[in-house]
$ cat target-v7.txt   # compact mmCIF, C-alpha atoms and all ligand atoms
# COMPACT_ATOMS: atom_id res chain seq x y z
CA MET A 1 -17.64 14.39 9.76
CA SER A 2 -16.40 17.93 10.19
CA GLN A 3 -15.53 20.06 7.23
CA VAL A 4 -12.07 19.68 5.76
CA HIS A 5 -9.80 22.23 7.37
CA SER A 6 -7.17 24.22 5.58
CA PRO A 7 -3.74 22.55 5.79
CA ASN A 8 -2.48 25.72 7.48
CA ALA A 9 -4.80 24.98 10.39
CA MET A 10 -2.61 21.98 11.25
CA GLN A 11 -0.15 22.69 14.05
CA ALA A 12 3.47 22.12 13.10
CA PRO A 13 5.76 20.31 12.86
CA VAL A 14 4.67 16.99 11.47
CA ALA A 15 7.14 14.13 12.02
CA ILE A 16 7.22 11.50 9.31
CA LEU A 17 8.63 8.25 10.72
CA GLY A 18 9.85 6.08 7.85
CA PHE A 19 10.86 7.54 4.50
CA GLY A 20 9.80 4.67 2.21
CA ASN A 21 6.93 4.25 -0.25
CA GLN A 22 4.37 6.22 1.74
CA GLY A 23 6.68 8.26 3.97
CA ALA A 24 8.54 10.05 1.17
CA ALA A 25 5.30 10.95 -0.65
CA HIS A 26 3.62 12.19 2.56
CA ALA A 27 6.66 14.32 3.46
CA LEU A 28 6.91 15.90 0.00
CA ASN A 29 3.18 16.58 -0.37
CA LEU A 30 2.88 18.06 3.13
CA ARG A 31 5.91 20.30 2.55
CA ASP A 32 4.48 21.53 -0.75
CA ALA A 33 1.21 22.27 1.08
CA GLY A 34 3.11 24.58 3.44
CA VAL A 35 3.25 22.24 6.43
CA PRO A 36 6.58 22.17 8.31
CA VAL A 37 7.86 18.59 8.14
CA ILE A 38 10.66 16.75 9.93
CA VAL A 39 11.68 13.16 9.23
CA GLY A 40 12.56 10.41 11.72
CA ALA A 41 14.92 7.79 10.33
CA ARG A 42 17.68 5.41 11.39
CA PRO A 43 21.13 7.05 11.09
CA GLY A 44 23.34 5.45 8.47
CA ARG A 45 20.47 3.86 6.54
CA GLY A 46 19.07 4.64 3.09
CA ALA A 47 15.97 6.50 4.26
CA HIS A 48 18.06 8.91 6.34
CA ALA A 49 20.26 9.85 3.36
CA ARG A 50 17.32 10.10 0.92
CA ALA A 51 15.38 12.45 3.19
CA GLN A 52 18.44 14.63 3.81
CA ALA A 53 19.18 14.81 0.08
CA LEU A 54 15.65 16.13 -0.46
CA GLY A 55 16.28 18.90 2.04
CA PHE A 56 14.40 17.59 5.09
CA ASP A 57 15.65 17.99 8.65
CA VAL A 58 16.23 14.41 9.76
CA PHE A 59 16.35 13.23 13.37
CA THR A 60 16.41 9.89 15.12
CA LEU A 61 12.91 8.46 15.41
CA ALA A 62 12.77 9.26 19.14
CA GLU A 63 13.90 12.87 18.60
CA ALA A 64 11.38 13.38 15.81
CA VAL A 65 8.53 12.09 18.01
CA ALA A 66 9.56 14.38 20.86
CA ARG A 67 9.67 17.47 18.58
CA ALA A 68 6.33 16.95 16.81
CA ARG A 69 2.66 17.54 17.52
CA VAL A 70 1.61 15.28 14.67
CA VAL A 71 3.44 11.98 14.07
CA ALA A 72 2.85 9.85 10.97
CA LEU A 73 3.94 6.26 11.63
CA LEU A 74 4.90 5.11 8.12
CA LEU A 75 7.12 2.17 8.97
CA PRO A 76 6.62 -1.38 7.66
CA ASP A 77 3.66 -2.88 9.54
CA GLU A 78 5.76 -5.75 10.88
CA VAL A 79 8.36 -3.47 12.53
CA ALA A 80 6.13 -0.62 13.76
CA PRO A 81 5.10 -2.20 17.12
CA ALA A 82 8.71 -2.76 18.28
CA VAL A 83 9.80 0.71 17.13
CA TRP A 84 6.79 2.37 18.79
CA GLN A 85 7.59 0.59 22.05
CA GLN A 86 11.00 2.30 21.97
CA VAL A 87 9.97 5.81 20.86
CA GLY A 88 6.26 6.21 21.72
CA ALA A 89 6.86 7.32 25.31
CA GLY A 90 8.15 10.68 24.02
CA LEU A 91 4.83 11.57 22.36
CA ALA A 92 3.19 14.82 23.51
CA ALA A 93 0.03 14.15 25.54
CA ASP A 94 -2.28 15.81 23.01
CA ALA A 95 -0.43 14.81 19.84
CA ALA A 96 -2.04 13.21 16.79
CA VAL A 97 -0.68 9.91 15.48
CA ILE A 98 -1.42 9.14 11.84
CA PHE A 99 -1.44 5.64 10.31
CA ALA A 100 -1.69 4.85 6.58
CA HIS A 101 -3.05 1.34 7.21
CA GLY A 102 -5.04 0.02 10.15
CA PHE A 103 -3.12 -3.26 10.58
CA ASN A 104 -1.40 -2.33 13.85
CA LEU A 105 -4.47 -0.50 15.17
CA LEU A 106 -6.69 -3.54 14.67
CA TYR A 107 -4.26 -6.33 15.56
CA GLY A 108 -1.41 -4.62 17.45
CA ALA A 109 -1.12 -3.65 21.08
CA LEU A 110 0.36 -0.17 20.61
CA VAL A 111 -0.02 2.15 23.59
CA PHE A 112 -0.91 5.86 23.18
CA PRO A 113 -1.44 8.63 25.74
CA LYS A 114 -5.14 8.88 26.65
CA GLY A 115 -5.30 12.51 25.47
CA ALA A 116 -3.79 11.79 22.04
CA ASP A 117 -5.69 11.42 18.78
CA VAL A 118 -4.95 8.27 16.79
CA VAL A 119 -6.30 8.31 13.25
CA LEU A 120 -6.14 6.50 9.96
CA VAL A 121 -5.45 8.46 6.76
CA SER A 122 -5.02 5.81 4.11
CA PRO A 123 -4.46 6.96 0.52
CA THR A 124 -5.93 4.49 -1.97
CA GLY A 125 -2.72 3.79 -3.84
CA PRO A 126 1.06 3.52 -3.68
CA GLY A 127 3.20 6.44 -2.52
CA ARG A 128 4.54 7.23 -5.97
CA VAL A 129 0.97 7.70 -7.28
CA LEU A 130 0.07 9.81 -4.24
CA ARG A 131 3.01 12.03 -5.17
CA SER A 132 2.50 12.13 -8.94
CA GLU A 133 -1.22 12.92 -8.56
CA TYR A 134 -0.34 15.74 -6.19
CA GLU A 135 2.24 17.14 -8.60
CA ALA A 136 -0.35 16.99 -11.39
CA GLY A 137 -2.71 19.15 -9.31
CA ARG A 138 -4.97 16.21 -8.51
CA GLY A 139 -5.21 13.89 -5.50
CA LEU A 140 -5.74 10.28 -4.55
CA PRO A 141 -8.91 9.48 -2.60
CA ALA A 142 -8.22 8.42 0.99
CA TYR A 143 -9.99 6.43 3.70
CA LEU A 144 -10.29 8.20 7.05
CA ALA A 145 -11.05 6.64 10.41
CA VAL A 146 -10.63 7.53 14.07
CA HIS A 147 -9.15 4.95 16.43
CA GLN A 148 -8.90 7.19 19.50
CA ASP A 149 -10.32 10.69 19.94
CA GLY A 150 -8.33 12.07 22.85
CA THR A 151 -8.81 15.78 22.13
CA GLY A 152 -12.29 15.72 20.61
CA ARG A 153 -10.71 17.02 17.38
CA ALA A 154 -9.49 13.73 15.91
CA TRP A 155 -11.72 13.88 12.80
CA ASP A 156 -10.64 17.48 12.15
CA ARG A 157 -7.00 16.54 12.43
CA ALA A 158 -7.44 13.53 10.13
CA ASN A 159 -9.20 15.78 7.60
CA ALA A 160 -6.48 18.44 7.81
CA TYR A 161 -3.73 15.87 7.28
CA ALA A 162 -5.58 14.29 4.33
CA ALA A 163 -6.18 17.73 2.80
CA ALA A 164 -2.46 18.57 3.04
CA LEU A 165 -1.69 15.25 1.29
CA GLY A 166 -3.89 16.40 -1.59
CA CYS A 167 -6.49 13.68 -0.98
CA ALA A 168 -9.35 16.14 -0.40
CA ARG A 169 -8.91 17.23 -4.04
CA ALA A 170 -10.32 13.78 -4.85
CA ARG A 171 -12.52 12.34 -2.10
CA LEU A 172 -12.26 11.45 1.58
CA TRP A 173 -14.12 8.31 2.61
CA PRO A 174 -15.05 8.01 6.28
CA THR A 175 -14.71 4.39 7.40
CA THR A 176 -13.60 2.35 10.41
CA VAL A 177 -10.18 0.91 11.20
CA ARG A 178 -11.67 -2.58 10.97
CA GLU A 179 -13.24 -2.04 7.56
CA GLU A 180 -10.12 -0.43 6.05
CA THR A 181 -7.83 -3.12 7.40
CA GLU A 182 -9.93 -6.15 6.49
CA VAL A 183 -10.84 -4.90 3.01
CA ASP A 184 -7.28 -3.78 2.26
CA LEU A 185 -5.81 -7.15 3.26
CA PHE A 186 -8.45 -9.03 1.29
CA GLY A 187 -8.00 -6.87 -1.80
CA GLU A 188 -4.24 -7.33 -1.90
CA GLN A 189 -4.47 -11.08 -1.24
CA ALA A 190 -7.36 -11.94 -3.56
CA VAL A 191 -6.80 -9.53 -6.44
CA LEU A 192 -4.15 -6.82 -6.44
CA CYS A 193 -1.10 -8.89 -5.48
CA GLY A 194 -1.86 -12.54 -4.63
CA GLY A 195 -4.62 -13.21 -7.15
CA MET A 196 -2.97 -11.30 -9.98
CA ASN A 197 0.49 -12.83 -9.57
CA ALA A 198 -0.87 -16.37 -9.19
CA LEU A 199 -3.11 -15.89 -12.25
CA VAL A 200 -0.40 -14.61 -14.61
CA THR A 201 2.11 -17.22 -13.40
CA ALA A 202 -0.36 -20.08 -13.94
CA ALA A 203 -1.27 -18.79 -17.40
CA PHE A 204 2.44 -18.43 -18.35
CA GLU A 205 3.15 -21.98 -17.14
CA THR A 206 0.13 -23.39 -19.00
CA LEU A 207 1.32 -21.93 -22.31
CA THR A 208 5.01 -22.87 -21.91
CA GLU A 209 4.15 -26.41 -20.74
CA ALA A 210 2.17 -26.72 -23.98
CA GLY A 211 5.30 -25.77 -25.95
CA PHE A 212 4.67 -22.11 -26.70
CA SER A 213 7.52 -19.60 -26.68
CA PRO A 214 8.14 -18.19 -23.17
CA GLU A 215 8.65 -14.68 -24.58
CA ILE A 216 5.33 -14.72 -26.46
CA ALA A 217 3.62 -16.20 -23.38
CA TYR A 218 5.11 -13.40 -21.27
CA LEU A 219 4.01 -10.65 -23.66
CA GLU A 220 0.49 -12.04 -23.95
CA CYS A 221 -0.33 -12.97 -20.35
CA ILE A 222 1.75 -10.52 -18.31
CA HIS A 223 3.06 -7.54 -20.27
CA GLN A 224 -0.29 -6.64 -21.85
CA LEU A 225 -2.10 -6.75 -18.51
CA LYS A 226 -1.36 -3.05 -17.96
CA TYR A 227 -3.31 -1.94 -21.02
CA LEU A 228 -6.41 -3.86 -19.96
CA ALA A 229 -6.01 -2.81 -16.31
CA ASP A 230 -5.86 0.82 -17.45
CA LEU A 231 -9.09 0.30 -19.41
CA LEU A 232 -10.72 -1.31 -16.37
CA HIS A 233 -9.50 1.54 -14.15
CA GLU A 234 -10.88 4.12 -16.53
CA LYS A 235 -14.18 2.52 -17.56
CA GLY A 236 -15.12 -0.25 -15.10
CA VAL A 237 -15.96 -3.84 -16.08
CA SER A 238 -18.81 -3.09 -18.52
CA GLY A 239 -16.96 -0.17 -20.10
CA MET A 240 -13.82 -2.25 -20.50
CA ARG A 241 -15.86 -4.90 -22.30
CA SER A 242 -17.05 -2.31 -24.77
CA GLY A 243 -13.41 -1.54 -25.59
CA ILE A 244 -12.34 -5.06 -26.58
CA SER A 245 -13.17 -7.18 -29.63
CA GLY A 246 -16.30 -9.34 -29.80
CA THR A 247 -14.09 -12.44 -29.81
CA ALA A 248 -12.24 -11.30 -26.68
CA CYS A 249 -15.53 -10.36 -25.06
CA TYR A 250 -17.17 -13.74 -25.75
CA GLY A 251 -14.09 -15.54 -24.37
CA ASP A 252 -14.18 -13.22 -21.35
CA VAL A 253 -17.79 -13.87 -20.31
CA THR A 254 -17.80 -17.61 -21.07
CA ARG A 255 -14.26 -18.60 -19.94
CA GLY A 256 -13.49 -16.14 -17.13
CA PRO A 257 -15.97 -17.78 -14.72
CA ARG A 258 -14.24 -21.12 -15.38
CA VAL A 259 -10.91 -19.65 -14.22
CA ILE A 260 -12.47 -18.12 -11.12
CA GLY A 261 -15.06 -20.77 -10.33
CA GLU A 262 -16.63 -22.06 -7.12
CA ASP A 263 -13.28 -23.42 -5.81
CA SER A 264 -11.69 -19.96 -6.05
CA ARG A 265 -14.70 -18.31 -4.44
CA ALA A 266 -14.53 -20.81 -1.55
CA GLN A 267 -10.84 -19.94 -1.12
CA MET A 268 -11.69 -16.23 -1.12
CA ARG A 269 -14.27 -16.78 1.62
CA ALA A 270 -11.73 -18.82 3.63
CA MET A 271 -9.06 -16.11 3.21
CA LEU A 272 -11.52 -13.44 4.34
CA ALA A 273 -12.37 -15.53 7.42
CA GLU A 274 -8.63 -15.85 8.27
CA ILE A 275 -8.29 -12.06 8.02
CA ARG A 276 -11.39 -11.36 10.14
CA SER A 277 -10.44 -13.85 12.87
CA GLY A 278 -6.92 -12.38 13.16
CA ASP A 279 -5.36 -15.70 12.06
CA PHE A 280 -3.61 -14.07 9.09
CA ALA A 281 -2.15 -11.30 11.29
CA ARG A 282 -0.91 -13.86 13.84
CA GLU A 283 0.62 -16.00 11.08
CA TRP A 284 2.40 -13.00 9.50
CA GLY A 285 3.55 -11.77 12.93
CA ALA A 286 5.12 -15.19 13.69
CA GLU A 287 6.73 -15.31 10.22
CA ALA A 288 8.21 -11.80 10.63
CA ALA A 289 9.42 -12.60 14.17
CA SER A 290 11.23 -15.72 12.95
CA GLY A 291 13.12 -13.86 10.21
CA ARG A 292 10.65 -14.35 7.29
CA PRO A 293 11.90 -17.83 6.19
CA ARG A 294 8.77 -18.71 4.20
CA LEU A 295 8.49 -15.29 2.56
CA ASP A 296 12.17 -15.07 1.63
CA ALA A 297 12.19 -18.62 0.18
CA ALA A 298 9.15 -17.80 -1.94
CA LEU A 299 10.72 -14.52 -3.14
CA LYS A 300 13.93 -16.36 -4.07
CA ALA A 301 11.97 -18.99 -6.03
CA SER A 302 9.95 -16.30 -7.78
CA ALA A 303 13.10 -14.38 -8.82
CA ALA A 304 14.42 -17.58 -10.43
CA HIS A 305 11.16 -18.43 -12.25
CA PRO A 306 11.49 -18.84 -16.06
CA LEU A 307 9.09 -15.94 -16.60
CA GLU A 308 11.81 -13.55 -15.38
CA LEU A 309 14.18 -14.59 -18.19
CA ALA A 310 11.27 -14.54 -20.63
CA ARG A 311 10.55 -10.97 -19.53
CA ARG A 312 14.13 -9.82 -20.11
CA LYS A 313 14.20 -11.45 -23.55
CA ALA A 314 10.74 -10.25 -24.54
CA LEU A 315 11.55 -6.66 -23.62
CA GLY A 316 14.93 -6.73 -25.39
CA MET A 317 16.97 -6.66 -22.19
CA VAL A 318 18.92 -9.78 -23.22
CA GLU A 319 20.71 -10.09 -26.58
CA PRO A 320 19.41 -13.03 -28.64
CA PRO A 321 22.05 -15.75 -29.26
CA VAL A 322 24.12 -15.25 -32.44
CA GLY A 323 22.35 -16.84 -35.39
CA ALA A 324 19.00 -16.94 -33.61
N1 LIG B 401 3.40 0.71 0.07
C1 LIG B 401 2.21 1.24 -0.19
O1 LIG B 401 1.91 1.52 -1.34
C2 LIG B 401 1.20 1.51 0.91
C3 LIG B 401 -0.10 1.94 0.56
C4 LIG B 401 -0.99 2.29 1.57
C5 LIG B 401 -0.59 2.16 2.90
N2 LIG B 401 0.67 1.70 3.22
C6 LIG B 401 1.06 1.61 4.62
O2 LIG B 401 2.06 2.61 4.86
C7 LIG B 401 2.91 2.17 5.93
C8 LIG B 401 4.35 2.24 5.45
O3 LIG B 401 4.52 1.28 4.42
P1 LIG B 401 5.60 1.50 3.26
O4 LIG B 401 5.26 0.52 2.19
O5 LIG B 401 5.70 2.95 2.94
O6 LIG B 401 6.92 1.06 4.00
P2 LIG B 401 8.38 0.89 3.33
O7 LIG B 401 8.42 1.46 1.96
O8 LIG B 401 8.76 -0.52 3.52
O9 LIG B 401 9.26 1.93 4.12
C9 LIG B 401 9.54 1.81 5.41
C10 LIG B 401 10.61 2.80 5.88
O10 LIG B 401 10.82 2.42 7.22
C11 LIG B 401 12.22 2.34 7.47
N3 LIG B 401 12.44 1.20 8.39
C12 LIG B 401 12.36 -0.13 8.11
N4 LIG B 401 12.60 -0.84 9.22
C13 LIG B 401 12.83 0.05 10.21
C14 LIG B 401 13.15 -0.06 11.58
N5 LIG B 401 13.26 -1.25 12.18
N6 LIG B 401 13.34 1.06 12.29
C15 LIG B 401 13.21 2.28 11.71
N7 LIG B 401 12.93 2.46 10.41
C16 LIG B 401 12.74 1.36 9.67
C17 LIG B 401 12.92 2.13 6.12
O11 LIG B 401 14.09 2.92 6.11
P3 LIG B 401 15.58 2.36 6.35
O12 LIG B 401 15.54 0.85 6.23
O13 LIG B 401 16.39 2.99 5.25
O14 LIG B 401 15.93 2.81 7.71
C18 LIG B 401 11.91 2.71 5.12
O15 LIG B 401 12.23 4.01 4.73
C19 LIG B 401 2.44 0.78 6.29
O16 LIG B 401 1.54 0.88 7.36
C20 LIG B 401 1.71 0.30 5.04
O17 LIG B 401 0.75 -0.70 5.29
C21 LIG B 401 1.56 1.39 2.24
$ encode --input "target-v7.txt" --output "structure tokens" --more "lines below"
Ligand SMILES: NC(=O)c1ccc[n+]([C@@H]2O[C@H](COP(=O)([O-])OP(=O)(O)OC[C@H]3O[C@@H](n4cnc5c(N)ncnc54)[C@H](OP(=O)(O)O)[C@@H]3O)[C@@H](O)[C@H]2O)c1
Amino acid sequence: MSQVHSPNAMQAPVAILGFGNQGAAHALNLRDAGVPVIVGARPGRGAHARAQALGFDVFTLAEAVARARVVALLLPDEVAPAVWQQVGAGLAADAAVIFAHGFNLLYGALVFPKGADVVLVSPTGPGRVLRSEYEAGRGLPAYLAVHQDGTGRAWDRANAYAAALGCARARLWPTTVREETEVDLFGEQAVLCGGMNALVTAAFETLTEAGFSPEIAYLECIHQLKYLADLLHEKGVSGMRSGISGTACYGDVTRGPRVIGEDSRAQMRAMLAEIRSGDFAREWGAEAASGRPRLDAALKASAAHPLELARRKALGMVEPPVGA
């Protein structure tokens, strides 16, 4: 890969489409790095007002695309294809299009001018961490990949964008769109979101079904997770084990593999196969196109789960009943 270029080498302006988790952090970091930034957002919606309040020039998405030489498409994955169909025609022939996740590059049918560069610059964390690391003078590592090299400078442009985000202060990992997309989906399904939420919910239910206090169950199985996750983040699995008691450690190595046994591993392999075949993307595309009935029903049920009340009580957000 070419050397990381100075952010100032990047031709301006950069249009950030979508001012949400990633979009706001990208816009703020790029601006602080001296890159002229404009924002594309829907008039009358929250993102439009938030970007304006932070001092950005905000245009419709189509206007922003037409004005920019670099366009970062930071919209929700499920809406990006329809939006791009409406605004993509205005893209300059030799523009660069930046994605923060490869989902629509791997599974979508987005059309780009043949001379354009289409690259992946995927920070390895949420937008608020991308921003706070930048403000602290550090950076989040990022995955970089090239989907289409129309100008012959796609890697350079990906590097320049990542450097302006602050990611080159940490590390830039060259990868492929396929690897980033498949590993990212698997990680969030098996561990970071799906696995973690299913694990803590099952543990909470096991304790409360056995008659334990919901608040104590919440504090033990959910609230404390952060402290151990921080230890894991800082020291890795072996290092984390050196920071817990012998009793906790013995329970960890003898009981953990019973929680995640052969059945769970078989499910992980099946989930990975669904991702790699495109079945998961097709399923999610159909769900999004039909108005997200399954997702919204699950979110409603989760908001009404007893662990939510236990959380509010455990953290002192609900007054205990008089006399309790
Ligand atoms: N979230 C993360 O931590 C994370 C991490 C790595 C990569 N990524 C990737 O980053 C990309 C952006 O994800 P995100 O989580 O930042 O998205 P998000 O927070 O859901 O934000 C999306 C923005 O898009 C706007 N938007 C929604 N629907 C729209 C539509 N139909 N037309 C125009 N604008 C619309 C919203 O603004 P209004 O509704 O106010 O108009 C919002 O500001 C995705 O590819 C995602 O996979 C995300």
$ atom_distance --input "target-v7.txt" --atom1 "atom CA of A:Leu105" --atom2 "atom CA of A:His48"
26.0 Å
$ residues_around --input "target-v7.txt" --residues "A:Ala162" --least-positions-apart "2" --cutoff "9 Å" --atoms "all atoms listed in the file" --output "ChimeraX atom specification"
/A:4,7,121-123,142,144,157-160,164-168,172
$ residues_around --input "target-v7.txt" --residues "A:Thr124" --least-positions-apart "5" --cutoff "8 Å" --atoms "only C-alpha atoms" --output "PyMOL selection string"
chain A and resi 140-143
$ residues_near_ligand --input "target-v7.txt" --ligand "ligand LIG 401 (chain B)" --cutoff "8 Å" --atoms "only C-alpha atoms and all ligand atoms" --output "NGL selection string"
:A and (17-24 or 41-48 or 61 or 73-77 or 79-80 or 82-83 or 99-104 or 122-128)
$ closest_residue --input "target-v7.txt" --among "A:Gly211, A:Leu307, A:Leu192, A:Ala25" --to "A:Arg131" --atoms "only C-alpha atoms"
A:Ala25
$ residues_around --input "target-v7.txt" --residues "stretch 198-210 of chain A" --least-positions-apart "5" --cutoff "9 Å" --atoms "only C-alpha atoms" --output "list in words"
Cys193, Ala217, Tyr218, Glu220, Cys221, Ile222, Leu225, Val259, Pro306 and Leu307 of chain A
$ closest_residue --input "target-v7.txt" --among "A:Val237, A:Ile38, A:Val111, A:Ala15" --to "A:Ala72" --atoms "only C-alpha atoms"
A:Ala15
$ atom_distance --input "target-v7.txt" --atom1 "atom CA of A:Val14" --atom2 "atom CA of A:Val37"
4.9 Å
$ closest_residue --input "target-v7.txt" --among "A:Leu232, A:Ala170, A:Ile275, A:Ala116" --to "A:Phe186" --atoms "only C-alpha atoms"
A:Ile275
$ closest_residue --input "target-v7.txt" --among "A:Leu219, A:Ala64, A:Val118, A:Ala136" --to "A:Lys313" --atoms "all atoms listed in the file"
A:Leu219
$ residues_around --input "target-v7.txt" --residues "A:Phe56" --least-positions-apart "3" --cutoff "10 Å" --atoms "all atoms listed in the file" --output "MDAnalysis selection string"
chainID A and resid 27:28 31 36:40 48:53 59
$ closest_residue --input "target-v7.txt" --among "A:Leu272, A:Ala288, A:Ala93, A:Leu231" --to "A:Asp117" --atoms "only C-alpha atoms"
A:Ala93
$ atom_distance --input "target-v7.txt" --atom1 "atom CA of A:Ala68" --atom2 "atom CA of A:Gly285"
29.1 Å
